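Enquirer: This is the structure I want to talk about, given as structure tokens.
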Amino acid sequence: MQQYNANLRGIEVESMATCDMTYANNLIDTIIGFCIDHDIPISGDVIKDNQYIFNEKQVYMMCLKRVCVVCGNRADIHHVDSVGRGYNRQKISHVGKRVLPLCRVHHNEIHNIGNDKFINQYHVIPVEVDDKMDYFIKRGKIKVFKDD
């Protein structure tokens with residue numbers, strides 16, 4: 001993983017015994033991103049015990065992979081910025097709305113305690129829906145856009 005991280009970032013591999021915190025943190029981010037991208041389960045306990053906070057890119061990937069940002073279980077997309085009741089979510093635009101991938105347990109919890117309290121309690125970062133994610137929310141599959 002260190003060589004993968006070095007290749008990804010265009011840097012040299014460093015010894016874990018003598019590296020600085022930036023190098024170590026970037027390596028951890030690379031490992032977490034690799035796990036998300038390759039559907040390798042991430043234990044909620046590991047995340048909680050180490051107080052890891054997913055960055056926006058990781059949360060975005062977790063939305064597309066439908067992985068809960070809190071516990072790592074299978075997730076639905078929670079709209080932090082509500083789309084309104086009675087609207088057909090398959091037809092309206094979600095672009096610009098903030099979302100989080102949450103399992104059913106955490107989805108229920110956020111509705112019970114509110115977005116702000118939940119976000120502060122779990123230190124999660126909602127991501128903004130772009131065209132790619134909007135298509136995914138509506139269709140459940142990824143579409144490659146010309147700028148990708």
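All residue names refer to the structure tokens as shown: chains lettered A, B, ... in order, residues numbered from 1 in each chain, ligands numbered from 1 in order.
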Report as a PyMOL selection string all protein, DNA and RNA residues lying within 12 Å of A:Phe118, evaluated on only C-alpha atoms, omitting residues in the same chain fewer than 5 positions from it.
Expert: chain A and resi 69-70+80+100+102+106-113+123-126
Enquirer: Set the distance at 9 Å and use only C-alpha atoms: which residues neighbour A:Arg74 once local chain neighbours fewer than 3 positions away are removed? I'd like the list as a ChimeraX atom specification.
Expert: /A:65-68,71,101-104
Enquirer: Pick the closest to A:Glu128 from A:Asn115, A:Thr22, A:Glu56, A:Ser82: which is it, counting only C-alpha atoms?
Expert: A:Glu56
Enquirer: Using only C-alpha atoms, which of A:Val105, A:Val127, A:Cys19, A:Val95 sits nearest A:Leu64?
Expert: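 The answer is A:Val127, which sits nearest to A:Leu64.
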Enquirer: Quick one, how far is atom CA of A:Cys35 from atom CA of A:Tyr4?
Expert: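 Straight-line distance from atom CA of A:Cys35 to atom CA of A:Tyr4 works out to 12.8 Å.
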Enquirer: Do you know which residues are at most 9 Å from A:Ile31 counting only C-alpha atoms, after dropping those on the same chain fewer than 4 positions away, and could you put them as a list in words?
Expert: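 The residues satisfying every condition are Met1, Gln2, Asn5, Asn26, Leu27, Cys35 and Ile36 of chain A.
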